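Note sheet for the following structure.
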Amino acid sequence: SVLSRYENQITILSDYLEEFPETDEPVWILGRQHHLNTDKSKLLLDISARLWFTYRRKFSPIGGTGPSSDAGWGCMLRCGQMMLAQALICRHLGRDWQWEKHKKQPEEYHRILRCFLDRKDCCYSIHQMAQMGVGEGKSIGEWFGPNTVAQVLKKLALFDEWNSLAVYVSMDNTVVIEDIKKMCWSPPQSSGAAHSSAHLHRSALGRNKNTAGFCTGWKPLLLIIPLRLGINHINPVYIDAFKECFKMPQSLGALGGKPNNAYYFIGFLGNELIYLDPHTTQSFVDSEENGTVDDQSFHCQQAPHRMKIMNLDPSVALGFFCKEECDFDNWCSLVQKEILKQQSLQMFELVQKHPPHWPPFIPPTKPEVTTTGAELIESTDKLFELEEEFEILSV
């Protein structure tokens, strides 16, 4: 079969570079600076702490009859999972949290991992992402682009009340401050609606619940900015601004790569990008009876991959996480100072007010339903057919 050719796929690039060179230049990883000459081990620990999602095989068929492996087509979905997972790590454990092999980790860590397991009842599983992608015009088994993954995460986050993220995906290379603040300060559901929703949503999309999801205040922001940084190749005028994004403390890196080969970019050294590569096929891993996850295969413990920035496909998506409003205000200041300098071409725009010629901005909300979360996706995007009905009838 076509998928079998990808079972042990290893991406080999002419510009593939593994060992770090001897250099005095700093390495930037998701807003943290490292120096190879003095703290290389600390750099490698920082990289290995990032959750690493790759192709998997032998999971339950997507949609009941679909593929049981995402090898060959799921790389951008895996990269989207990695970016979102980094946001959740920052939200619950902090950016400076470190992972160590065989070390006991907090419950929040295992709960984050369970969100991404390859099961249809996990909120951000390959199953949920692939099926939600149908509503974005992508068939199950079809390769996604950065913007499609961003739209899918935005929709799935509406059902994830434990993490209670506000996901903003910019339009037309424009970030609107007014709209983001409106979304992050939007009032929660009423307690009655919350109780009803928690009672009725038995599927994965309704399991990540916590009373914290109904608290007032700023909702932590996942900001994704899809960009086109050139036509066929990246325009060199954008390189400095692109690299500057990895220096920001709010950085979640970038989604991108090459046509049909997606990577999760987490930093840079000079004019080389550092990335996590999802093109390794591993077996499905489930959670243990006590809720913990055997996490050895979810951390890349090898030297990271690098590629020359000029070899990057111009279609990318930047990610940022702002846990508090002050983090977002600081991000806006950094953008004005470091990104939107006087240039002939700007990577994206940051505006205060909602453009008058745009449709009114309405913060997305989860529709009221009296059925399961998976059936809700079916009703809104026509993604599932009879699978949930069969499950209900069998109970």
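To be explicit about the labels: the chains of the structure tokens are called A, B, and onward in the order shown, and within each one the residues are counted from 1, while ligands get numbers from 1 in the order they are shown.
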Give me the residues within 8 Å of region 340-354 of chain A as a PDB file with C-alpha atoms, in the first residue's frame, counting only C-alpha atoms and dropping any in the same chain fewer than 5 places off.
ATOM      1  CA  ASN A 173      -1.610  38.889   7.843  1.00  0.00           C
ATOM      2  CA  THR A 174      -3.289  41.141  10.408  1.00  0.00           C
ATOM      3  CA  VAL A 175      -3.444  40.766  14.194  1.00  0.00           C
ATOM      4  CA  VAL A 176      -6.214  42.871  15.754  1.00  0.00           C
ATOM      5  CA  ILE A 177      -5.564  43.790  19.396  1.00  0.00           C
ATOM      6  CA  GLU A 178      -9.185  44.809  20.044  1.00  0.00           C
ATOM      7  CA  ASP A 179     -10.518  41.432  18.845  1.00  0.00           C
ATOM      8  CA  LEU A 227       1.961  33.814   6.733  1.00  0.00           C
ATOM      9  CA  LEU A 229       6.803  34.913   3.224  1.00  0.00           C
ATOM     10  CA  VAL A 237      13.734  40.580   3.553  1.00  0.00           C
ATOM     11  CA  TYR A 238      11.685  38.613   6.103  1.00  0.00           C
ATOM     12  CA  ALA A 241      11.986  39.448  11.558  1.00  0.00           C
ATOM     13  CA  PHE A 242      11.221  35.726  11.360  1.00  0.00           C
ATOM     14  CA  CYS A 332       2.555  43.751  21.294  1.00  0.00           C
ATOM     15  CA  VAL A 335       6.340  43.296  17.869  1.00  0.00           C
ATOM     16  CA  PHE A 361     -15.770  40.068  15.167  1.00  0.00           C
TER      17      PHE A 361
END
List every residue of region 13-219 of chain A that DSSP, applied to the backbone, labels as strand (DSSP E), and write the result as a list in words.
Pro26, Val27, Trp28, Ile29, Arg32, Gln33, His34, His35, Arg56, Arg57, Ala166, Val167, Tyr168, Val169, Thr174, Val175 and Val176 of chain A
Store the residues of this selection in a file with N, CA, C and O atoms, as a short mmCIF file (atom, residue, chain, number, x, y, z; two decimals), in the first residue's frame.
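So the final result, stored in again_9.cif, reads:
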data_model
loop_
_atom_site.label_atom_id
_atom_site.label_comp_id
_atom_site.auth_asym_id
_atom_site.auth_seq_id
_atom_site.Cartn_x
_atom_site.Cartn_y
_atom_site.Cartn_z
N PRO A 26 24.88 32.69 19.71
CA PRO A 26 23.88 32.11 20.62
C PRO A 26 22.87 31.25 19.86
O PRO A 26 22.61 31.45 18.68
N VAL A 27 22.32 30.29 20.56
CA VAL A 27 21.22 29.47 20.05
C VAL A 27 19.95 29.92 20.76
O VAL A 27 19.92 30.02 21.99
N TRP A 28 18.90 30.17 20.00
CA TRP A 28 17.63 30.58 20.58
C TRP A 28 16.62 29.45 20.45
O TRP A 28 16.41 28.92 19.35
N ILE A 29 16.01 29.06 21.56
CA ILE A 29 14.99 28.02 21.59
C ILE A 29 13.76 28.57 22.32
O ILE A 29 13.81 28.78 23.54
N ARG A 32 14.35 31.32 24.78
CA ARG A 32 15.46 31.16 25.70
C ARG A 32 16.77 31.13 24.92
O ARG A 32 16.87 30.48 23.89
N GLN A 33 17.78 31.83 25.44
CA GLN A 33 19.08 31.90 24.80
C GLN A 33 20.04 30.89 25.44
O GLN A 33 20.10 30.76 26.65
N HIS A 34 20.78 30.19 24.59
CA HIS A 34 21.78 29.23 25.06
C HIS A 34 23.11 29.50 24.35
O HIS A 34 23.13 30.00 23.22
N HIS A 35 24.18 29.14 25.01
CA HIS A 35 25.52 29.29 24.43
C HIS A 35 26.17 27.92 24.35
O HIS A 35 26.34 27.23 25.37
N ARG A 56 2.36 7.58 13.95
CA ARG A 56 2.10 6.39 14.76
C ARG A 56 1.38 5.34 13.90
O ARG A 56 0.73 5.68 12.91
N ARG A 57 1.48 4.11 14.31
CA ARG A 57 0.78 3.03 13.62
C ARG A 57 0.06 2.17 14.64
O ARG A 57 0.35 2.22 15.84
N ALA A 166 -8.08 30.47 24.60
CA ALA A 166 -8.65 31.29 23.53
C ALA A 166 -7.69 31.20 22.35
O ALA A 166 -6.53 31.60 22.47
N VAL A 167 -8.14 30.63 21.25
CA VAL A 167 -7.28 30.45 20.08
C VAL A 167 -7.65 31.49 19.03
O VAL A 167 -8.79 31.51 18.55
N TYR A 168 -6.70 32.33 18.70
CA TYR A 168 -6.91 33.38 17.70
C TYR A 168 -6.01 33.09 16.50
O TYR A 168 -4.79 32.97 16.65
N VAL A 169 -6.63 32.94 15.34
CA VAL A 169 -5.89 32.73 14.10
C VAL A 169 -6.06 33.99 13.25
O VAL A 169 -7.18 34.36 12.89
N THR A 174 -2.97 40.04 9.50
CA THR A 174 -3.29 41.14 10.41
C THR A 174 -3.73 40.61 11.76
O THR A 174 -4.64 39.78 11.86
N VAL A 175 -3.07 41.09 12.82
CA VAL A 175 -3.44 40.77 14.19
C VAL A 175 -4.16 41.98 14.78
O VAL A 175 -3.61 43.08 14.80
N VAL A 176 -5.39 41.77 15.26
CA VAL A 176 -6.21 42.87 15.75
C VAL A 176 -6.27 42.81 17.28
O VAL A 176 -6.86 41.87 17.86
#
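Nearest residue to Glu107 (chain A) among A:Leu334, A:Ala254, A:Ala130, A:Val293 is A:Val293, counting only C-alpha atoms.
Each of A:Ala303, A:Met248, A:Cys115, A:Val316 was compared to Phe328 (chain A) using only C-alpha atoms, and A:Met248 turns out to be the nearest.
Excluding Pro67 (chain A) itself and same-chain residues fewer than 6 positions from it, the residues having an atom within 10 Å of it are Leu3, Arg57, Lys58, Phe59, Ser60, Pro61, His127, Ile140 and Gly141 of chain A, counting only C-alpha atoms.
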Point out the residue among A:Gln250, A:Thr281, A:Asn271, A:Ser186 with the least atom-to-atom distance to Gly72 (chain A), counting only C-alpha atoms.
A:Thr281
Close residues, Cys75 (chain A) itself excluded, 7 Å, only C-alpha atoms, min 4 positions apart in chain, as number ranges by chain:
A: 55, 79, 261-262, 278-279
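The gap separating CA of Ser170 (chain A) from CA of Phe116 (chain A) is 24.3 Å, in Å to one decimal.
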Using only C-alpha atoms, which residues sit within 10 Å of Leu44 (chain A) once same-chain residues fewer than 3 positions away are excluded, as a short mmCIF file (atom, residue, chain, number, x, y, z; two decimals) with C-alpha atoms, in the first residue's frame?
data_model
loop_
_atom_site.label_atom_id
_atom_site.label_comp_id
_atom_site.auth_asym_id
_atom_site.auth_seq_id
_atom_site.Cartn_x
_atom_site.Cartn_y
_atom_site.Cartn_z
CA HIS A 34 21.78 29.23 25.06
CA LEU A 36 27.10 26.19 22.93
CA ASP A 39 25.92 25.18 28.35
CA LYS A 40 25.44 22.75 25.48
CA SER A 41 24.00 20.12 27.83
CA ILE A 47 15.12 20.69 23.39
CA SER A 48 14.38 17.18 24.68
CA ALA A 49 11.81 18.59 27.12
CA CYS A 300 13.28 13.39 21.06
CA GLN A 301 16.50 12.36 22.79
CA GLN A 302 18.79 12.78 19.79
CA ALA A 303 20.60 15.82 18.46
CA PRO A 304 17.99 18.10 16.84
#
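Comparing the minimum interatomic distances between Gln86 (chain A) and each of A:Ser251, A:Thr23, A:Gly63, A:Pro236, counting only C-alpha atoms, we find that A:Ser251 sits nearest.
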Could you name the residues that touch Val152 (chain A) at 9 Å or less, counting only C-alpha atoms, but leaving out those on the same chain fewer than 4 positions away, as an mmCIF file with N, CA, C and O atoms, in the first residue's frame?
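So selection_28.cif came out as:
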data_model
loop_
_atom_site.group_PDB
_atom_site.id
_atom_site.type_symbol
_atom_site.label_atom_id
_atom_site.label_comp_id
_atom_site.auth_asym_id
_atom_site.auth_seq_id
_atom_site.Cartn_x
_atom_site.Cartn_y
_atom_site.Cartn_z
ATOM 1 N N MET A 129 -8.416 15.590 14.987
ATOM 2 C CA MET A 129 -7.881 16.588 14.068
ATOM 3 C C MET A 129 -8.198 16.233 12.616
ATOM 4 O O MET A 129 -8.592 17.090 11.821
ATOM 5 N N ALA A 130 -8.033 14.955 12.275
ATOM 6 C CA ALA A 130 -8.305 14.539 10.898
ATOM 7 C C ALA A 130 -9.778 14.709 10.550
ATOM 8 O O ALA A 130 -10.122 15.188 9.465
ATOM 9 N N MET A 132 -11.973 16.730 12.071
ATOM 10 C CA MET A 132 -12.307 18.155 12.039
ATOM 11 C C MET A 132 -11.800 18.797 10.754
ATOM 12 O O MET A 132 -12.379 19.754 10.244
ATOM 13 N N GLY A 133 -10.725 18.272 10.193
ATOM 14 C CA GLY A 133 -10.188 18.813 8.954
ATOM 15 C C GLY A 133 -11.122 18.645 7.770
ATOM 16 O O GLY A 133 -11.026 19.399 6.780
ATOM 17 N N GLY A 135 -14.145 19.422 7.697
ATOM 18 C CA GLY A 135 -14.884 20.685 7.621
ATOM 19 C C GLY A 135 -14.079 21.808 7.007
ATOM 20 O O GLY A 135 -14.635 22.846 6.613
ATOM 21 N N GLU A 136 -12.764 21.623 6.924
ATOM 22 C CA GLU A 136 -11.889 22.610 6.291
ATOM 23 C C GLU A 136 -11.537 22.192 4.859
ATOM 24 O O GLU A 136 -10.634 22.759 4.247
ATOM 25 N N ASN A 147 -2.199 26.754 7.776
ATOM 26 C CA ASN A 147 -3.435 27.454 8.108
ATOM 27 C C ASN A 147 -4.554 26.483 8.450
ATOM 28 O O ASN A 147 -5.348 26.730 9.366
ATOM 29 N N THR A 148 -4.634 25.364 7.734
ATOM 30 C CA THR A 148 -5.676 24.380 8.013
ATOM 31 C C THR A 148 -5.526 23.817 9.420
ATOM 32 O O THR A 148 -6.508 23.677 10.158
ATOM 33 N N LEU A 156 -11.269 22.788 17.795
ATOM 34 C CA LEU A 156 -11.210 21.777 18.846
ATOM 35 C C LEU A 156 -11.074 22.399 20.233
ATOM 36 O O LEU A 156 -11.588 21.861 21.218
ATOM 37 N N ALA A 157 -10.389 23.537 20.314
ATOM 38 C CA ALA A 157 -10.180 24.182 21.619
ATOM 39 C C ALA A 157 -11.487 24.625 22.257
ATOM 40 O O ALA A 157 -11.562 24.794 23.481
#
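As for CA of Leu30 (chain A) and CA of Pro249 (chain A), they are spaced 6.9 Å apart.
Minimum atom-to-atom distance to Leu153 (chain A), evaluated using only C-alpha atoms, belongs to A:Ser125 out of A:Ser125, A:Ser68, A:Asn311, A:Thr280.
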Residues at most 8 Å from Met83 (chain A), counting only C-alpha atoms, excluding those fewer than 2 positions away in the same chain, as a VMD selection string?
chain A and resid 79 to 81 85 to 87 252 to 255 264 319
Could the residues in this selection be saved with N, CA, C and O atoms as a CSV table (one decimal), in the first residue's frame?
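What landed in out-v4.csv:
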chain,number,residue,atom,x,y,z
A,79,CYS,N,2.8,18.3,13.9
A,79,CYS,CA,3.5,19.6,14.2
A,79,CYS,C,2.5,20.5,14.9
A,79,CYS,O,2.9,21.2,15.9
A,80,GLY,N,1.3,20.5,14.5
A,80,GLY,CA,0.3,21.3,15.2
A,80,GLY,C,0.1,20.9,16.6
A,80,GLY,O,-0.1,21.7,17.5
A,81,GLN,N,0.1,19.5,16.8
A,81,GLN,CA,0.0,19.0,18.2
A,81,GLN,C,1.2,19.5,19.0
A,81,GLN,O,1.0,19.8,20.2
A,85,ALA,N,0.9,21.5,22.3
A,85,ALA,CA,1.4,20.9,23.5
A,85,ALA,C,2.3,21.9,24.3
A,85,ALA,O,2.3,21.9,25.5
A,86,GLN,N,3.1,22.6,23.5
A,86,GLN,CA,4.0,23.6,24.1
A,86,GLN,C,3.3,24.7,24.8
A,86,GLN,O,3.7,25.1,25.9
A,87,ALA,N,2.2,25.1,24.2
A,87,ALA,CA,1.3,26.1,24.9
A,87,ALA,C,0.7,25.5,26.2
A,87,ALA,O,0.7,26.2,27.2
A,252,LEU,N,6.1,30.2,20.6
A,252,LEU,CA,5.8,28.7,20.4
A,252,LEU,C,6.4,28.2,19.2
A,252,LEU,O,6.0,27.1,18.7
A,253,GLY,N,7.3,28.9,18.5
A,253,GLY,CA,7.9,28.5,17.3
A,253,GLY,C,7.1,28.7,16.1
A,253,GLY,O,6.3,29.6,16.0
A,254,ALA,N,7.3,27.8,15.1
A,254,ALA,CA,6.6,28.0,13.8
A,254,ALA,C,6.3,26.6,13.2
A,254,ALA,O,7.0,25.6,13.4
A,255,LEU,N,5.2,26.5,12.5
A,255,LEU,CA,4.9,25.4,11.6
A,255,LEU,C,5.3,25.7,10.2
A,255,LEU,O,5.1,26.8,9.7
A,264,TYR,N,8.3,21.1,12.9
A,264,TYR,CA,8.0,22.1,14.0
A,264,TYR,C,9.3,22.8,14.4
A,264,TYR,O,10.2,22.2,15.0
A,319,GLY,N,3.6,30.8,16.1
A,319,GLY,CA,2.7,30.6,17.3
A,319,GLY,C,3.3,31.3,18.5
A,319,GLY,O,4.5,31.4,18.7
Judged by only C-alpha atoms, the minimum distance to Cys90 (chain A) among A:Arg111, A:Lys308, A:Lys182, A:Arg50 is found for A:Arg50
To one decimal in Å, tell me the separation between CA of Gly94 (chain A) and CA of Gly267 (chain A).
18.0 Å
